[in-house]
Each structure stands twice: as C-alpha cells, then as structure tokens.
file protein.txt (compact mmCIF, C-alpha atoms)
# COMPACT_ATOMS: atom_id res chain seq x y z
CA MET A 1 74.49 11.41 64.59
CA ARG A 2 75.91 14.58 66.11
CA THR A 3 75.70 14.75 69.88
CA VAL A 4 74.59 17.78 71.87
CA ALA A 5 77.98 17.79 73.59
CA SER A 6 79.69 18.49 70.28
CA VAL A 7 77.88 21.79 69.90
CA LEU A 8 77.89 23.02 73.48
CA ARG A 9 80.62 25.55 72.82
CA ALA A 10 80.58 28.44 70.41
CA PHE A 11 82.46 28.36 67.15
CA ASP A 12 86.16 27.79 66.76
CA TRP A 13 87.07 29.32 63.40
CA HIS A 14 90.30 28.34 61.67
CA PHE A 15 91.83 31.03 59.45
CA THR A 16 94.71 31.21 57.07
CA LEU A 17 96.40 34.61 57.24
CA THR A 18 97.11 35.78 53.70
CA GLY A 19 98.33 39.33 54.34
CA GLN A 20 98.58 42.04 56.98
CA ASN A 21 94.91 42.86 56.49
CA GLU A 22 93.58 39.67 54.97
CA ALA A 23 92.50 36.22 56.07
CA VAL A 24 90.85 33.28 54.37
CA ILE A 25 88.54 30.66 55.83
CA VAL A 26 86.89 27.68 54.19
CA LEU A 27 83.47 26.93 55.65
CA ASP A 28 83.60 23.31 56.75
CA ARG A 29 80.50 21.51 55.52
CA ALA A 30 80.42 19.65 58.86
CA LEU A 31 79.96 22.80 60.97
CA PRO A 32 77.07 22.03 63.36
CA VAL A 33 75.53 25.42 62.68
CA PHE A 34 74.44 24.13 59.26
CA ASP A 35 72.36 21.38 60.90
CA GLY A 36 69.86 23.94 62.12
CA HIS A 37 70.38 26.92 59.82
CA PHE A 38 68.77 25.52 57.81
CA PRO A 39 68.31 21.72 57.63
CA ASP A 40 67.37 21.57 53.94
CA ARG A 41 69.20 24.68 52.71
CA PRO A 42 72.28 25.34 54.89
CA VAL A 43 73.37 28.99 55.12
CA LEU A 44 75.81 30.55 57.59
CA PRO A 45 73.94 33.07 59.78
CA GLY A 46 74.94 36.71 59.31
CA VAL A 47 75.87 36.96 62.98
CA CYS A 48 78.48 34.26 62.38
CA LEU A 49 80.04 36.43 59.67
CA VAL A 50 80.25 39.23 62.25
CA ASP A 51 81.88 36.84 64.73
CA LEU A 52 84.38 35.37 62.31
CA ALA A 53 85.32 38.86 61.06
CA ASP A 54 86.02 39.95 64.64
CA ARG A 55 88.00 36.79 65.41
CA ALA A 56 90.07 37.12 62.23
CA ALA A 57 90.81 40.76 63.07
CA GLN A 58 92.09 39.64 66.46
CA VAL A 59 94.20 36.81 64.97
CA LEU A 60 95.69 39.37 62.56
CA GLY A 61 96.48 41.59 65.52
CA LEU A 62 94.39 44.49 64.24
CA VAL A 63 92.29 44.81 67.41
CA THR A 64 91.97 43.41 70.89
CA GLY A 65 88.61 42.90 72.54
CA THR A 66 85.25 42.48 70.91
CA PRO A 67 83.33 45.08 68.92
CA LEU A 68 80.95 47.34 70.78
CA VAL A 69 78.76 48.19 67.83
CA VAL A 70 77.81 46.69 64.50
CA GLU A 71 77.57 50.12 62.93
CA ARG A 72 76.47 48.74 59.61
CA ALA A 73 76.11 45.33 58.00
CA ARG A 74 74.94 44.59 54.50
CA PHE A 75 74.50 40.96 53.52
CA THR A 76 74.59 40.62 49.75
CA GLY A 77 74.97 36.88 49.26
CA ALA A 78 74.51 33.67 51.20
CA ALA A 79 77.63 32.12 52.76
CA LEU A 80 77.32 28.42 51.99
CA PRO A 81 79.02 25.20 53.13
CA GLY A 82 82.32 24.81 51.31
CA ASP A 83 82.64 28.53 50.52
CA ARG A 84 86.20 29.88 50.58
CA LEU A 85 85.74 33.28 52.20
CA ARG A 86 88.30 36.05 51.88
CA LEU A 87 88.15 38.74 54.56
CA HIS A 88 89.74 42.11 53.88
CA PHE A 89 90.07 44.73 56.64
CA THR A 90 90.49 48.49 56.52
CA ARG A 91 90.63 50.77 59.56
CA ASP A 92 88.62 53.99 59.58
CA ARG A 93 89.14 55.86 62.87
CA ASN A 94 87.70 53.56 65.56
CA SER A 95 85.86 51.39 63.06
CA LEU A 96 86.91 48.34 61.12
CA LEU A 97 85.57 47.99 57.59
CA VAL A 98 85.32 44.36 56.52
CA GLU A 99 84.67 43.02 53.05
CA ILE A 100 83.88 39.32 52.86
CA THR A 101 83.94 37.75 49.42
CA ALA A 102 83.77 34.20 48.11
CA ASP A 103 85.22 32.94 44.84
CA ASP A 104 81.92 33.62 43.08
CA GLY A 105 81.08 37.03 44.56
CA ASP A 106 80.45 39.27 47.56
CA ARG A 107 78.95 37.93 50.76
CA CYS A 108 78.82 40.97 53.04
CA ARG A 109 80.25 44.30 54.08
CA LEU A 110 80.56 45.20 57.73
CA ARG A 111 81.49 48.28 59.70
CA LEU A 112 82.37 47.28 63.26
CA GLY A 113 82.95 49.87 65.98
CA TYR A 114 85.50 49.21 68.73
CA GLY A 115 86.46 51.17 71.80
CA ALA A 116 89.49 53.45 71.60
CA SER A 117 91.52 51.03 73.75
CA ALA A 118 90.95 48.07 71.40
CA TRP A 119 93.47 49.15 68.78
CA THR A 120 96.89 47.55 68.78
CA MET B 1 52.59 28.24 69.84
CA ASP B 2 55.06 26.01 68.01
CA LEU B 3 57.59 28.53 66.72
CA THR B 4 58.92 26.06 64.17
CA THR B 5 55.71 26.59 62.21
CA ILE B 6 57.02 30.12 61.55
CA LEU B 7 60.80 29.77 61.75
CA PRO B 8 62.87 27.52 59.50
CA HIS B 9 65.51 27.34 62.26
CA ARG B 10 66.02 24.02 64.01
CA PRO B 11 68.26 22.79 66.81
CA PRO B 12 71.05 23.50 67.43
CA MET B 13 70.28 26.93 65.92
CA LEU B 14 66.78 27.48 67.30
CA LEU B 15 67.51 30.21 69.84
CA VAL B 16 64.09 31.49 70.81
CA GLU B 17 61.88 29.24 72.89
CA GLU B 18 58.77 31.18 73.79
CA VAL B 19 56.70 34.20 72.84
CA THR B 20 55.15 35.87 75.86
CA ASP B 21 53.45 38.79 74.15
CA VAL B 22 52.62 39.65 70.56
CA VAL B 23 50.66 42.28 68.71
CA PRO B 24 50.87 41.03 65.12
CA GLY B 25 52.41 43.55 62.78
CA LEU B 26 53.55 45.76 65.66
CA ARG B 27 55.54 44.20 68.49
CA LEU B 28 56.58 40.97 70.18
CA THR B 29 58.37 39.74 73.27
CA GLY B 30 60.36 36.52 73.01
CA ARG B 31 62.45 34.61 75.56
CA PHE B 32 65.43 32.32 75.63
CA GLU B 33 66.86 30.70 78.76
CA VAL B 34 70.60 30.01 78.77
CA ARG B 35 70.75 26.48 80.18
CA HIS B 36 74.10 24.79 80.63
CA ASN B 37 73.11 21.79 78.51
CA ARG B 38 71.88 23.80 75.56
CA PRO B 39 73.94 24.13 72.37
CA TRP B 40 76.48 26.99 72.42
CA CYS B 41 75.69 27.75 76.08
CA THR B 42 78.44 26.05 78.06
CA GLY B 43 80.32 29.30 78.62
CA GLY B 44 77.20 31.46 78.42
CA LEU B 45 75.58 32.69 75.22
CA PRO B 46 78.07 34.91 73.31
CA THR B 47 76.98 38.40 72.29
CA TYR B 48 76.61 37.55 68.62
CA LEU B 49 74.32 34.62 69.48
CA VAL B 50 72.30 36.89 71.79
CA LEU B 51 71.86 38.96 68.63
CA GLU B 52 70.90 35.83 66.64
CA SER B 53 68.31 35.01 69.31
CA TRP B 54 66.90 38.55 69.02
CA LEU B 55 66.84 38.27 65.22
CA GLN B 56 64.87 35.04 65.47
CA SER B 57 62.34 36.80 67.70
CA ALA B 58 62.11 39.51 65.05
CA ALA B 59 61.56 36.85 62.38
CA VAL B 60 58.73 35.35 64.43
CA LEU B 61 57.06 38.77 64.57
CA VAL B 62 57.52 39.39 60.83
CA GLY B 63 56.31 35.90 59.96
CA TRP B 64 53.48 35.75 62.48
CA ALA B 65 50.74 36.81 60.08
CA LEU B 66 52.28 35.38 56.91
CA PRO B 67 51.31 32.08 55.32
CA ALA B 68 53.95 29.43 55.90
CA PRO B 69 54.90 27.77 52.62
CA ALA B 70 57.25 24.82 52.89
CA GLY B 71 60.89 25.64 52.33
CA ARG B 72 60.62 29.32 53.21
CA LEU B 73 63.74 30.91 54.72
CA THR B 74 64.27 33.97 56.90
CA LEU B 75 67.14 36.20 55.89
CA VAL B 76 68.69 39.30 57.44
CA ALA B 77 69.49 41.77 54.67
CA GLY B 78 71.14 44.42 56.79
CA MET B 79 71.73 45.96 60.21
CA ARG B 80 72.49 49.41 61.55
CA ASP B 81 73.60 50.58 64.97
CA VAL B 82 73.49 47.27 66.82
CA ARG B 83 75.07 47.75 70.24
CA LEU B 84 76.49 44.54 71.66
CA GLY B 85 76.38 44.77 75.43
CA ARG B 86 77.44 41.51 77.01
CA SER B 87 76.99 37.77 76.72
CA ALA B 88 74.16 36.06 78.61
CA GLN B 89 75.35 33.90 81.46
CA ARG B 90 74.19 30.42 82.32
CA GLY B 91 70.93 30.52 84.23
CA GLU B 92 69.91 33.88 82.80
CA THR B 93 66.84 34.35 80.66
CA VAL B 94 67.09 36.87 77.86
CA GLU B 95 63.90 38.69 76.98
CA HIS B 96 63.77 40.17 73.51
CA HIS B 97 61.55 43.15 72.79
CA VAL B 98 60.97 43.70 69.07
CA GLU B 99 59.01 46.39 67.27
CA ILE B 100 58.31 46.75 63.58
CA VAL B 101 59.25 50.19 62.30
CA ARG B 102 58.07 49.63 58.75
CA SER B 103 57.01 46.64 56.68
CA VAL B 104 56.25 45.82 53.07
CA GLU B 105 54.86 42.39 52.19
CA THR B 106 57.36 39.80 53.54
CA THR B 107 60.05 42.30 54.60
CA ALA B 108 60.20 44.44 57.74
CA ILE B 109 62.53 46.86 59.46
CA CYS B 110 62.67 46.07 63.17
CA THR B 111 64.15 47.68 66.27
CA GLY B 112 64.36 46.76 69.94
CA VAL B 113 66.38 45.50 72.88
CA GLY B 114 67.43 42.31 74.60
CA VAL B 115 67.27 42.46 78.40
CA VAL B 116 68.14 40.29 81.37
CA GLY B 117 65.81 41.43 84.10
CA ASP B 118 65.98 45.21 83.86
CA GLU B 119 69.44 45.25 82.30
CA PRO B 120 69.70 45.87 78.56
CA ILE B 121 72.42 43.61 77.12
CA LEU B 122 71.66 44.33 73.46
CA ARG B 123 70.28 47.37 71.66
CA VAL B 124 69.22 47.02 68.06
CA GLY B 125 68.95 50.25 66.09
CA GLN B 126 67.43 48.61 63.05
CA VAL B 127 67.59 45.40 61.11
CA THR B 128 65.90 44.36 57.89
CA VAL B 129 64.34 40.90 58.11
CA THR B 130 62.78 39.18 55.14
CA PHE B 131 61.14 35.87 54.32
CA ALA B 132 62.14 34.45 50.96
CA GLY B 133 61.65 31.42 48.79
CA GLY B 134 59.41 28.51 49.62
CA ASP B 135 56.69 26.80 47.64
CA GLU B 136 54.50 29.85 47.28
call {"tool": "encode", "arguments": {"input": "protein.txt", "output": "structure tokens"}}
result
Amino acid sequence: MRTVASVLRAFDWHFTLTGQNEAVIVLDRALPVFDGHFPDRPVLPGVCLVDLADRAAQVLGLVTGTPLVVERARFTGAALPGDRLRLHFTRDRNSLLVEITADDGDRCRLRLGYGASAWT
Amino acid sequence: MDLTTILPHRPPMLLVEEVTDVVPGLRLTGRFEVRHNRPWCTGGLPTYLVLESWLQSAAVLVGWALPAPAGRLTLVAGMRDVRLGRSAQRGETVEHHVEIVRSVETTAICTGVGVVGDEPILRVGQVTVTFAGGDE
C-alpha cells in the first residue's frame, strides 16, 4: 500500500540524454500518478508531459527557468505505463518545439514559450 | 456534490475538491486548497499541477450534464495560450473559473483563469476537453 508521504512531493523524472537535443525516459509503472489517473486505465496526464519536457530541456542545458506559456499543445496518443518516450527539441525564437514519441507512435507536440533570459 | 461521480480521477490525482458555483453548459467555479499533507503539496502546488487542477474543474463543467457511464475517461486533446503564472503556496486556496466557449456532444472548448484571492496565477486561453470511452 502506497503511503501519502510517498507522493507528497512533485515528480522526479529520470532521463537518459541521447543527443544534444534529445532525451529518453521510460515511464515507470510504479509512478504514483498512475494510481489516480486513472485507477483502472492508467494514463500520464498531459500536464506531466509538459513538465517532463521542460525538465528534460533544462537537463540538456537548452533553457533555464520554467516556461511562461504553453503556446500550443496537441495530445495525439495516450502516454502509458512502461512507455519509452523520446523527446526531441527544436528552438524557434523564444519558443521550444517538443515532439514526444513512443516506440509505437506519437504522443504529443508542444510549443513552450520562455522568457528571453531563459536561453543558455 | 461528489465530484468523483463525474471525474474518473482519484487520489492522489484528484485535484479539485469543491464546486462553489455552476451554470451547466456555461460556467463553473471550482476550488482546491493546498494543504501541507496533501499529495504533491509539500513544496506548494507546482504550476503544471495548478493547470491540472484547473483542467479537472473544466472536466467537471463539461461532464456536469452528461450521463456517467462506468469506465469513462476525461482527456485533454489540446491547449492554446496557457499562461503559467506561479505555483500555489501551502495554505493558499486556488479558485478556478471556467467557461465553455463551444461544445459538441461530449467535447468542449473551455477558457478561464485560476486565482488566489484577487491574483491570477493561471490564464487559460483555450483547452479542448473531452469525455471518451465507458460502457455507453
């Protein structure tokens, strides 16, 4: 039985950096988020894809600070427990374009806006 | 109102606790208090979970007048122009104001804000929320 204490803090994603603009993460089936989203059909919330994209961009050294605007997000497939997600980043002026794909297809495309001082 | 009759979300991912005002099909106000012993809230509620809380309020509005077949899920198909202000600190209550811009059957485009007191901490240009699946 998972305790409340184990989910008090927000997510701690663990990436593998696979290129200057790429990272990979495997969604651990034991992530507590899947307990409640949703109990019978676990799916990673779209907002978590936004968060892990931002965190990966920071680990890669592409940006510092958090995004100010989700300019656009299009969720095309459900991110499921055990998925191996590949995140690919492209800069477009002060925006970061993110493509997230799994081995069996696209999951989402994001356009995240950062302040001018966020770029490294 | 038991919101779990509308939402498929359950702890630790149930991030709206109360509806204080609703005009079905038009608008809704939902609330979430950031208590220190709540999941994800030890360091305050991060901006992206403030957004998740707002999205759940939007799903309550979209699902308010719908039948509730077992196994139905809420999904966010897309977002545009979502301005992330700040996280919500422990002890603060976030109030989510949601309006439906347009809806067709089980899908709606929603807009609104999340506020703490009079301070907007989230502005949502538009999101598309849909209910899918279930034993209909």
call {"tool": "interface_residues", "arguments": {"input": "protein.txt", "of": "chain B", "to": "chain A", "cutoff": "6 Å", "atoms": "only C-alpha atoms", "output": "PyMOL selection string"}}
result
chain B and resi 9-13+39-42+48+77-84
call {"tool": "residues_around", "arguments": {"input": "protein.txt", "residues": "Thr18 in chain A", "least_positions_apart": "4", "cutoff": "12 Å", "atoms": "only C-alpha atoms", "output": "ChimeraX atom specification"}}
result
/A:22-25,56,59-60,85-89
call {"tool": "residues_around", "arguments": {"input": "protein.txt", "residues": "Val104 in chain B", "least_positions_apart": "6", "cutoff": "12 Å", "atoms": "all atoms listed in the file", "output": "ChimeraX atom specification"}}
result
/B:25,62,66,110,128-131
call {"tool": "residues_near_point", "arguments": {"input": "protein.txt", "point": "(58.9, 26.7, 72.4)", "cutoff": "8 Å", "atoms": "all atoms listed in the file", "output": "list in words"}}
result
Met1, Asp2, Leu3, Val16, Glu17, Glu18 and Val19 of chain B
call {"tool": "closest_residue", "arguments": {"input": "protein.txt", "among": "B:Ile100, B:Val50, B:Leu73, B:Val94", "to": "Pro24 in chain B", "atoms": "only C-alpha atoms"}}
result
B:Ile100
call {"tool": "closest_residue", "arguments": {"input": "protein.txt", "among": "B:Val23, B:Ala59, B:Ala65, B:Ala132", "to": "Ala108 in chain B", "atoms": "all atoms listed in the file"}}
result
B:Ala59
call {"tool": "residues_near_point", "arguments": {"input": "protein.txt", "point": "(64.3, 44.1, 68.7)", "cutoff": "7 Å", "atoms": "only C-alpha atoms", "output": "number ranges by chain"}}
result
B: 54, 58, 96-99, 110-114, 124
call {"tool": "residues_around", "arguments": {"input": "protein.txt", "residues": "Thr90 in chain A", "least_positions_apart": "5", "cutoff": "10 Å", "atoms": "all atoms listed in the file", "output": "PyMOL selection string"}}
result
chain A and resi 21-22+62+95-99+111
call {"tool": "atom_distance", "arguments": {"input": "protein.txt", "atom1": "CA of Gly61 in chain A", "atom2": "CA of Leu49 in chain B"}}
result
23.6 Å
call {"tool": "atom_distance", "arguments": {"input": "protein.txt", "atom1": "CA of Val60 in chain B", "atom2": "CA of Thr20 in chain B"}}
result
12.0 Å
call {"tool": "closest_residue", "arguments": {"input": "protein.txt", "among": "A:Arg84, A:Asp104, A:Thr64, A:Arg91", "to": "Thr120 in chain A", "atoms": "all atoms listed in the file"}}
result
A:Thr64
call {"tool": "closest_residue", "arguments": {"input": "protein.txt", "among": "B:Val101, B:Leu61, B:Ala88, B:Leu45", "to": "Gly125 in chain B", "atoms": "all atoms listed in the file"}}
result
B:Val101
call {"tool": "atom_distance", "arguments": {"input": "protein.txt", "atom1": "CA of Thr4 in chain B", "atom2": "CA of Val127 in chain B"}}
result
21.4 Å
call {"tool": "decode", "arguments": {"input": "protein.txt", "residues": "range 2-136 of chain B", "atoms": "C-alpha atoms", "output": "PDB file, in the first residue's frame"}}
result
ATOM      1  CA  ASP B   2     -19.461  14.102  -5.007  1.00  0.00           C
ATOM      2  CA  LEU B   3     -17.152  15.087  -7.856  1.00  0.00           C
ATOM      3  CA  THR B   4     -15.996  11.510  -8.315  1.00  0.00           C
ATOM      4  CA  THR B   5     -19.399  10.766  -9.833  1.00  0.00           C
ATOM      5  CA  ILE B   6     -18.277  12.983 -12.742  1.00  0.00           C
ATOM      6  CA  LEU B   7     -14.482  12.694 -12.730  1.00  0.00           C
ATOM      7  CA  PRO B   8     -12.569   9.445 -13.170  1.00  0.00           C
ATOM      8  CA  HIS B   9      -9.666  10.986 -11.219  1.00  0.00           C
ATOM      9  CA  ARG B  10      -8.890   9.567  -7.793  1.00  0.00           C
ATOM     10  CA  PRO B  11      -6.346  10.358  -5.090  1.00  0.00           C
ATOM     11  CA  PRO B  12      -3.533  11.189  -5.348  1.00  0.00           C
ATOM     12  CA  MET B  13      -4.561  12.854  -8.639  1.00  0.00           C
ATOM     13  CA  LEU B  14      -7.917  14.301  -7.607  1.00  0.00           C
ATOM     14  CA  LEU B  15      -7.034  17.999  -7.524  1.00  0.00           C
ATOM     15  CA  VAL B  16     -10.384  19.732  -7.287  1.00  0.00           C
ATOM     16  CA  GLU B  17     -12.301  19.453  -4.052  1.00  0.00           C
ATOM     17  CA  GLU B  18     -15.369  21.626  -4.333  1.00  0.00           C
ATOM     18  CA  VAL B  19     -17.619  23.396  -6.803  1.00  0.00           C
ATOM     19  CA  THR B  20     -18.915  26.681  -5.455  1.00  0.00           C
ATOM     20  CA  ASP B  21     -20.866  27.866  -8.479  1.00  0.00           C
ATOM     21  CA  VAL B  22     -22.072  26.238 -11.670  1.00  0.00           C
ATOM     22  CA  VAL B  23     -24.285  27.119 -14.588  1.00  0.00           C
ATOM     23  CA  PRO B  24     -24.386  23.842 -16.513  1.00  0.00           C
ATOM     24  CA  GLY B  25     -23.165  24.185 -20.064  1.00  0.00           C
ATOM     25  CA  LEU B  26     -21.826  27.691 -19.417  1.00  0.00           C
ATOM     26  CA  ARG B  27     -19.520  28.245 -16.457  1.00  0.00           C
ATOM     27  CA  LEU B  28     -18.218  26.843 -13.192  1.00  0.00           C
ATOM     28  CA  THR B  29     -16.091  27.833 -10.225  1.00  0.00           C
ATOM     29  CA  GLY B  30     -14.039  25.133  -8.524  1.00  0.00           C
ATOM     30  CA  ARG B  31     -11.649  25.248  -5.559  1.00  0.00           C
ATOM     31  CA  PHE B  32      -8.601  23.427  -4.306  1.00  0.00           C
ATOM     32  CA  GLU B  33      -6.824  24.163  -1.029  1.00  0.00           C
ATOM     33  CA  VAL B  34      -3.080  23.497  -0.931  1.00  0.00           C
ATOM     34  CA  ARG B  35      -2.680  21.708   2.400  1.00  0.00           C
ATOM     35  CA  HIS B  36       0.747  20.578   3.516  1.00  0.00           C
ATOM     36  CA  ASN B  37      -0.342  16.963   3.954  1.00  0.00           C
ATOM     37  CA  ARG B  38      -1.921  16.640   0.531  1.00  0.00           C
ATOM     38  CA  PRO B  39      -0.190  14.743  -2.288  1.00  0.00           C
ATOM     39  CA  TRP B  40       2.244  16.858  -4.338  1.00  0.00           C
ATOM     40  CA  CYS B  41       1.789  19.837  -1.987  1.00  0.00           C
ATOM     41  CA  THR B  42       4.781  19.710   0.351  1.00  0.00           C
ATOM     42  CA  GLY B  43       6.594  22.479  -1.512  1.00  0.00           C
ATOM     43  CA  GLY B  44       3.411  24.114  -2.759  1.00  0.00           C
ATOM     44  CA  LEU B  45       1.447  23.049  -5.825  1.00  0.00           C
ATOM     45  CA  PRO B  46       3.661  23.408  -8.945  1.00  0.00           C
ATOM     46  CA  THR B  47       2.365  25.454 -11.866  1.00  0.00           C
ATOM     47  CA  TYR B  48       1.669  22.449 -14.061  1.00  0.00           C
ATOM     48  CA  LEU B  49      -0.435  20.856 -11.301  1.00  0.00           C
ATOM     49  CA  VAL B  50      -2.289  24.155 -10.825  1.00  0.00           C
ATOM     50  CA  LEU B  51      -3.105  23.709 -14.509  1.00  0.00           C
ATOM     51  CA  GLU B  52      -4.153  20.079 -13.900  1.00  0.00           C
ATOM     52  CA  SER B  53      -6.438  21.277 -11.109  1.00  0.00           C
ATOM     53  CA  TRP B  54      -7.985  23.848 -13.483  1.00  0.00           C
ATOM     54  CA  LEU B  55      -8.409  21.177 -16.165  1.00  0.00           C
ATOM     55  CA  GLN B  56     -10.242  18.955 -13.700  1.00  0.00           C
ATOM     56  CA  SER B  57     -12.591  21.833 -12.914  1.00  0.00           C
ATOM     57  CA  ALA B  58     -13.170  22.195 -16.651  1.00  0.00           C
ATOM     58  CA  ALA B  59     -13.887  18.469 -16.899  1.00  0.00           C
ATOM     59  CA  VAL B  60     -16.453  18.758 -14.105  1.00  0.00           C
ATOM     60  CA  LEU B  61     -18.215  21.521 -16.059  1.00  0.00           C
ATOM     61  CA  VAL B  62     -18.141  19.559 -19.330  1.00  0.00           C
ATOM     62  CA  GLY B  63     -19.316  16.388 -17.619  1.00  0.00           C
ATOM     63  CA  TRP B  64     -21.888  18.013 -15.343  1.00  0.00           C
ATOM     64  CA  ALA B  65     -24.874  17.370 -17.588  1.00  0.00           C
ATOM     65  CA  LEU B  66     -23.613  14.179 -19.203  1.00  0.00           C
ATOM     66  CA  PRO B  67     -24.621  10.671 -18.183  1.00  0.00           C
ATOM     67  CA  ALA B  68     -21.857   8.923 -16.275  1.00  0.00           C
ATOM     68  CA  PRO B  69     -21.181   5.503 -17.776  1.00  0.00           C
ATOM     69  CA  ALA B  70     -18.720   3.332 -15.891  1.00  0.00           C
ATOM     70  CA  GLY B  71     -15.179   3.456 -17.194  1.00  0.00           C
ATOM     71  CA  ARG B  72     -15.484   6.840 -18.882  1.00  0.00           C
ATOM     72  CA  LEU B  73     -12.281   8.904 -19.061  1.00  0.00           C
ATOM     73  CA  THR B  74     -11.638  12.626 -19.439  1.00  0.00           C
ATOM     74  CA  LEU B  75      -8.958  13.562 -21.918  1.00  0.00           C
ATOM     75  CA  VAL B  76      -7.356  16.857 -22.900  1.00  0.00           C
ATOM     76  CA  ALA B  77      -6.916  16.920 -26.665  1.00  0.00           C
ATOM     77  CA  GLY B  78      -5.146  20.246 -26.932  1.00  0.00           C
ATOM     78  CA  MET B  79      -4.280  23.604 -25.403  1.00  0.00           C
ATOM     79  CA  ARG B  80      -3.500  27.072 -26.693  1.00  0.00           C
ATOM     80  CA  ASP B  81      -2.096  30.135 -24.965  1.00  0.00           C
ATOM     81  CA  VAL B  82      -1.922  28.805 -21.413  1.00  0.00           C
ATOM     82  CA  ARG B  83      -0.032  31.324 -19.285  1.00  0.00           C
ATOM     83  CA  LEU B  84       1.619  29.747 -16.269  1.00  0.00           C
ATOM     84  CA  GLY B  85       1.875  32.356 -13.552  1.00  0.00           C
ATOM     85  CA  ARG B  86       3.189  30.849 -10.354  1.00  0.00           C
ATOM     86  CA  SER B  87       2.826  27.834  -8.108  1.00  0.00           C
ATOM     87  CA  ALA B  88       0.252  27.865  -5.305  1.00  0.00           C
ATOM     88  CA  GLN B  89       1.783  28.011  -1.858  1.00  0.00           C
ATOM     89  CA  ARG B  90       0.822  25.957   1.145  1.00  0.00           C
ATOM     90  CA  GLY B  91      -2.229  27.400   2.838  1.00  0.00           C
ATOM     91  CA  GLU B  92      -3.491  29.076  -0.318  1.00  0.00           C
ATOM     92  CA  THR B  93      -6.777  28.168  -1.951  1.00  0.00           C
ATOM     93  CA  VAL B  94      -6.875  28.273  -5.723  1.00  0.00           C
ATOM     94  CA  GLU B  95     -10.196  29.211  -7.260  1.00  0.00           C
ATOM     95  CA  HIS B  96     -10.714  28.102 -10.832  1.00  0.00           C
ATOM     96  CA  HIS B  97     -13.081  29.994 -13.101  1.00  0.00           C
ATOM     97  CA  VAL B  98     -14.041  28.034 -16.211  1.00  0.00           C
ATOM     98  CA  GLU B  99     -16.258  29.000 -19.124  1.00  0.00           C
ATOM     99  CA  ILE B 100     -17.325  26.912 -22.089  1.00  0.00           C
ATOM    100  CA  VAL B 101     -16.626  28.671 -25.366  1.00  0.00           C
ATOM    101  CA  ARG B 102     -18.124  25.999 -27.579  1.00  0.00           C
ATOM    102  CA  SER B 103     -19.284  22.418 -27.110  1.00  0.00           C
ATOM    103  CA  VAL B 104     -20.365  19.498 -29.241  1.00  0.00           C
ATOM    104  CA  GLU B 105     -21.727  16.360 -27.558  1.00  0.00           C
ATOM    105  CA  THR B 106     -19.029  15.169 -25.098  1.00  0.00           C
ATOM    106  CA  THR B 107     -16.329  17.649 -26.166  1.00  0.00           C
ATOM    107  CA  ALA B 108     -15.941  21.305 -25.189  1.00  0.00           C
ATOM    108  CA  ILE B 109     -13.528  24.165 -25.676  1.00  0.00           C
ATOM    109  CA  CYS B 110     -13.006  25.959 -22.371  1.00  0.00           C
ATOM    110  CA  THR B 111     -11.284  29.134 -21.206  1.00  0.00           C
ATOM    111  CA  GLY B 112     -10.681  30.794 -17.857  1.00  0.00           C
ATOM    112  CA  VAL B 113      -8.341  31.658 -15.010  1.00  0.00           C
ATOM    113  CA  GLY B 114      -7.029  30.298 -11.744  1.00  0.00           C
ATOM    114  CA  VAL B 115      -6.825  32.871  -8.944  1.00  0.00           C
ATOM    115  CA  VAL B 116      -5.594  33.103  -5.378  1.00  0.00           C
ATOM    116  CA  GLY B 117      -7.687  35.825  -3.831  1.00  0.00           C
ATOM    117  CA  ASP B 118      -7.665  38.543  -6.473  1.00  0.00           C
ATOM    118  CA  GLU B 119      -4.369  37.435  -8.012  1.00  0.00           C
ATOM    119  CA  PRO B 120      -4.495  35.476 -11.260  1.00  0.00           C
ATOM    120  CA  ILE B 121      -1.860  32.719 -11.149  1.00  0.00           C
ATOM    121  CA  LEU B 122      -3.000  30.932 -14.311  1.00  0.00           C
ATOM    122  CA  ARG B 123      -4.641  32.136 -17.507  1.00  0.00           C
ATOM    123  CA  VAL B 124      -6.036  29.587 -19.908  1.00  0.00           C
ATOM    124  CA  GLY B 125      -6.607  30.783 -23.461  1.00  0.00           C
ATOM    125  CA  GLN B 126      -8.361  27.629 -24.561  1.00  0.00           C
ATOM    126  CA  VAL B 127      -8.293  23.918 -23.964  1.00  0.00           C
ATOM    127  CA  THR B 128     -10.253  21.113 -25.570  1.00  0.00           C
ATOM    128  CA  VAL B 129     -11.669  18.682 -23.013  1.00  0.00           C
ATOM    129  CA  THR B 130     -13.459  15.512 -23.999  1.00  0.00           C
ATOM    130  CA  PHE B 131     -15.063  12.525 -22.326  1.00  0.00           C
ATOM    131  CA  ALA B 132     -14.357   9.235 -24.043  1.00  0.00           C
ATOM    132  CA  GLY B 133     -14.958   5.540 -23.673  1.00  0.00           C
ATOM    133  CA  GLY B 134     -17.016   3.946 -20.959  1.00  0.00           C
ATOM    134  CA  ASP B 135     -19.860   1.474 -21.087  1.00  0.00           C
ATOM    135  CA  GLU B 136     -22.170   3.650 -23.126  1.00  0.00           C
TER     136      GLU B 136
END
